[in-house]
Each structure stands twice: as C-alpha cells, then as structure tokens.
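Q: Okay, here's the structure, questions in a sec.
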Amino acid sequence: MAVNGNPTVRRRRLGAELRRLRLARGLTSTQVAEHLLISQPKVSHLETGRRGIRPRDVRDLCGLYGVTDQQVVDSLMEMARESNRQGWWVACGEVPYAVYIGLETAAASVRSYEPLVIPGLLQTPAYAAAVTAETIPLATEEQIAVRLEVRLRRQSRAHHPARPFRLGVVLDESALRRVVGSPEIMREQLEYLNRLGEQPHITVQVLPHSAGAHPGFSGQFSILDFPDTATGTVYLERFTSDLYLEKRSDVRHYSAMFDHLQTQALNPEHTRRFITRAAQELSAAATLPAPTDGRRGPVGGRRGSTRHSPDAPES
C-alpha cells in the first residue's frame, strides 16, 4: 500500500493545505467556522486531519480563500474524496483509536515510551489477549476479539520485510516485572521481545528502576514521524480518550524527553541481557514449591508472602 493512499495521510495533507490557504487569506478559524456554519474546534480538526471533509465544503473554502485555479480546486476536492475512504481497520468494527492506527500505518518511524506494559506492536498473541481482557473491565468478548485482531494486524505493518518502519521503544522495568496472564505467558513475551530487538529496524531499551527520576514520570507517549512532512505527531493514550499534539514546540519537547530517556536507559545489548535475566527469573520462580507457614499450607494474601522479600524479583 502506498503511503499517500492512506486516508489519514490524505486528510493530513488536505488539512495542512487548507490551513495554508486560510492563513494566506488572513482569516481566522473562527471566521471560517461562521462561513461553514460549524464550530471552531471542527475547523481545527479539519486542518489537522482528524476529521474528513466533503468535497463541496472544500470547493466553498477555495472560494472563500480566493483560489481561482480550477485545477487546484479539483485536486483538493479529489483529495477530500480520497480522504473519506475507509482504512482497513474500519472493517474490523468499532476501534476507539482509529485515528492513531491511520497515523501509525503511514509513519516512517515511531518512538515510544511505555511505563507499564509491553507496546502493542511488540506483544505476543497470548500477552495481547491477556492484557486486553484484563485492562478493559466493561468490554465484551466481541470487543476484546476486535481489539486483538486489530493489534495483531498492526504488527504486520511494523514487521513487514519489505517496508518496515523504524521503531524505537524505551520500556520502564515495571513493564517487564508485571506478570500479565501467567508467568509462562510473560516469559514467552520477554523472549519474543528480545528476538524482536535483534531486528535492525527495532530498538528496545529498558529503563531500570535504578535510573531514578526521569522525564517519563508523566506517563506513556509516542512520537510518530512521517516521510512527507518535517512535523511529527505526539500521541498520548488515555483510558477513554486520546490526545494528539502537532505543534512544533510540543513535538520538540517530547523528542527531547525521549532522547533523555534513551540516555538514561540501558543500551540495546545490556537491555537484552536484562530481559534474559528477567525471563530466567520467571522460569525459576515457576519451578519453586509454594511457600507454607507450617499450619495452613500455602501462604496466601500478604501474610508471610515471599513477594515482599527484598531478595525476590519484583512483579
């Protein structure tokens, strides 16, 4: 699939061109909203590519912006038609982060910091199923199945042998220590993570707890860079909504944060050793007999649990 055939990219390009024409005409987004009889935030969403736009609205805007070249008008209207076509993910059903998938599909590179979970592009099917089922309390089995299908299909783009994008990930140690699904699922996930990190287009680094305070304390973020523009997009994932930042100052700020996190994190070689040890600890823990207190069999809950022993690996 050619990059410029992506409907999300079409919307971004069209929105950027419409914004350029508006500014050249000296109009505010509020004035344009009044002309189209829509809200000002909707105009902003049109110009950032987060919403589609009808060809006739593009024609009206061209008239408002003083565009007299009919070829330019026709080209922008055709771009509007193309931008309203559905991406592959729409056929999967309701996907709450569809805008992000469109951007990710068109990206040349993705840089991501994850404090608590292995990123979706690097998850095994078993880990993906477990983390999806356990983190969305109100989701139905059908919704979980849709999210899993979409997540695994996203991975085919990231790992495509002919045209993979570059993926740089900094993982907090907590993402490795938290056992998702079962120790066996987690061990397989860590081993898979190490294998992916050996691929030339994927860089995985672990930020150990010993690194202390760092810029990632504010939470997860991803930076997407595109081949057709110098300005990237920062994606902040939230439970019920997402945030996309596209101002140059915001992208520079998060890029500096990511660079700082990479500097504090273990290098890729030391990261592989760290992950290997974490996987070995899971295997060793699985072979140990359950501890007892000598009276009621296996210790449960917090009382007497070895989980809080300073010598036990964190979970």
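Identifiers in the structure tokens: chain A, B, ... in order shown; residue index from 1 per chain; ligand index from 1 in order shown.
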List the spatial neighbours of A:His270 as a PDB file with N, CA and C atoms, in the first residue's frame - criterion: any atom at most 12 Å away, only C-alpha atoms, same-chain residues fewer than 2 positions off excluded.
A:
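Saved as result_9.pdb:
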```
ATOM      1  N   ASN A 194      13.058  -9.950  23.116  1.00  0.00           N
ATOM      2  CA  ASN A 194      14.484  -9.994  22.814  1.00  0.00           C
ATOM      3  C   ASN A 194      14.744 -10.337  21.346  1.00  0.00           C
ATOM      4  N   GLY A 197      14.100  -7.302  19.266  1.00  0.00           N
ATOM      5  CA  GLY A 197      15.146  -6.295  19.450  1.00  0.00           C
ATOM      6  C   GLY A 197      16.385  -6.550  18.635  1.00  0.00           C
ATOM      7  N   VAL A 204      15.091  -1.665  21.235  1.00  0.00           N
ATOM      8  CA  VAL A 204      14.424  -1.799  22.534  1.00  0.00           C
ATOM      9  C   VAL A 204      15.429  -1.479  23.630  1.00  0.00           C
ATOM     10  N   GLN A 205      15.054  -0.592  24.534  1.00  0.00           N
ATOM     11  CA  GLN A 205      15.888  -0.247  25.683  1.00  0.00           C
ATOM     12  C   GLN A 205      15.052  -0.289  26.952  1.00  0.00           C
ATOM     13  N   VAL A 206      15.654  -0.789  28.012  1.00  0.00           N
ATOM     14  CA  VAL A 206      14.983  -0.853  29.305  1.00  0.00           C
ATOM     15  C   VAL A 206      15.512   0.257  30.206  1.00  0.00           C
ATOM     16  N   LEU A 207      14.586   0.935  30.853  1.00  0.00           N
ATOM     17  CA  LEU A 207      14.928   1.954  31.835  1.00  0.00           C
ATOM     18  C   LEU A 207      14.795   1.323  33.216  1.00  0.00           C
ATOM     19  N   PRO A 208      15.903   0.925  33.841  1.00  0.00           N
ATOM     20  CA  PRO A 208      15.807   0.203  35.119  1.00  0.00           C
ATOM     21  C   PRO A 208      15.361   1.111  36.250  1.00  0.00           C
ATOM     22  N   ALA A 265      18.467   5.037  29.806  1.00  0.00           N
ATOM     23  CA  ALA A 265      18.149   3.613  29.703  1.00  0.00           C
ATOM     24  C   ALA A 265      19.401   2.792  29.381  1.00  0.00           C
ATOM     25  N   LEU A 266      19.303   1.488  29.591  1.00  0.00           N
ATOM     26  CA  LEU A 266      20.368   0.574  29.202  1.00  0.00           C
ATOM     27  C   LEU A 266      20.489   0.552  27.682  1.00  0.00           C
ATOM     28  N   ASN A 267      21.705   0.364  27.180  1.00  0.00           N
ATOM     29  CA  ASN A 267      21.845   0.267  25.740  1.00  0.00           C
ATOM     30  C   ASN A 267      21.238  -1.055  25.258  1.00  0.00           C
ATOM     31  N   PRO A 268      21.021  -1.215  23.946  1.00  0.00           N
ATOM     32  CA  PRO A 268      20.335  -2.420  23.458  1.00  0.00           C
ATOM     33  C   PRO A 268      20.984  -3.737  23.897  1.00  0.00           C
ATOM     34  N   ARG A 272      19.142  -6.546  26.320  1.00  0.00           N
ATOM     35  CA  ARG A 272      18.881  -7.957  26.027  1.00  0.00           C
ATOM     36  C   ARG A 272      19.309  -8.844  27.193  1.00  0.00           C
ATOM     37  N   ARG A 273      20.434  -8.528  27.812  1.00  0.00           N
ATOM     38  CA  ARG A 273      20.876  -9.300  28.967  1.00  0.00           C
ATOM     39  C   ARG A 273      19.909  -9.142  30.133  1.00  0.00           C
ATOM     40  N   PHE A 274      19.435  -7.917  30.344  1.00  0.00           N
ATOM     41  CA  PHE A 274      18.493  -7.641  31.427  1.00  0.00           C
ATOM     42  C   PHE A 274      17.198  -8.426  31.225  1.00  0.00           C
ATOM     43  N   ILE A 275      16.685  -8.411  29.999  1.00  0.00           N
ATOM     44  CA  ILE A 275      15.441  -9.115  29.699  1.00  0.00           C
ATOM     45  C   ILE A 275      15.636 -10.630  29.841  1.00  0.00           C
ATOM     46  N   THR A 276      16.799 -11.114  29.412  1.00  0.00           N
ATOM     47  CA  THR A 276      17.092 -12.544  29.555  1.00  0.00           C
ATOM     48  C   THR A 276      17.064 -12.963  31.017  1.00  0.00           C
ATOM     49  N   ARG A 277      17.662 -12.148  31.891  1.00  0.00           N
ATOM     50  CA  ARG A 277      17.656 -12.472  33.321  1.00  0.00           C
ATOM     51  C   ARG A 277      16.234 -12.454  33.872  1.00  0.00           C
TER      52      ARG A 277
END
```
Q: Could you tell me which of A:Leu282, A:Thr271, A:Gly212, A:Thr233 comes closest to A:His253 if we count only C-alpha atoms?
A: A:Thr233
Q: Looking at A:Ala285, A:Ser75, A:Pro227, A:Gly216, which one is nearest to A:Ser255, with distances taken over only C-alpha atoms?
A: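 For A:Ser255, the nearest of the candidates is A:Gly216.
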Q: Running DSSP on the backbone, which parts of stretch 61-310 of chain A land in strand (DSSP E), as a ChimeraX atom specification?
A: /A:109-114,166-172,202-207,221-225,233-237,242-245
Q: What is the distance between atom CA of A:Tyr65 and atom CA of A:Arg50, in Å to one decimal?
A: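 Between atom CA of A:Tyr65 and atom CA of A:Arg50 the gap works out to 21.2 Å.
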Q: Determine, counting only C-alpha atoms, which protein, DNA and RNA residues have an atom within 12 Å of an atom of stretch 27-33 of chain A; residues of the same chain fewer than 4 positions away are not included. Present the result as a list in words.
A: Leu18, Arg19, Arg20, Leu21, Arg22, Leu23, Leu37, Ile38, Ser39, Gln40, Pro41, Lys42, Val43, Ser44, His45, Leu46, Glu47, Asp57, Val58, Asp60, Leu61, Cys62, Gly63, Leu64, Tyr65 and Gly66 of chain A
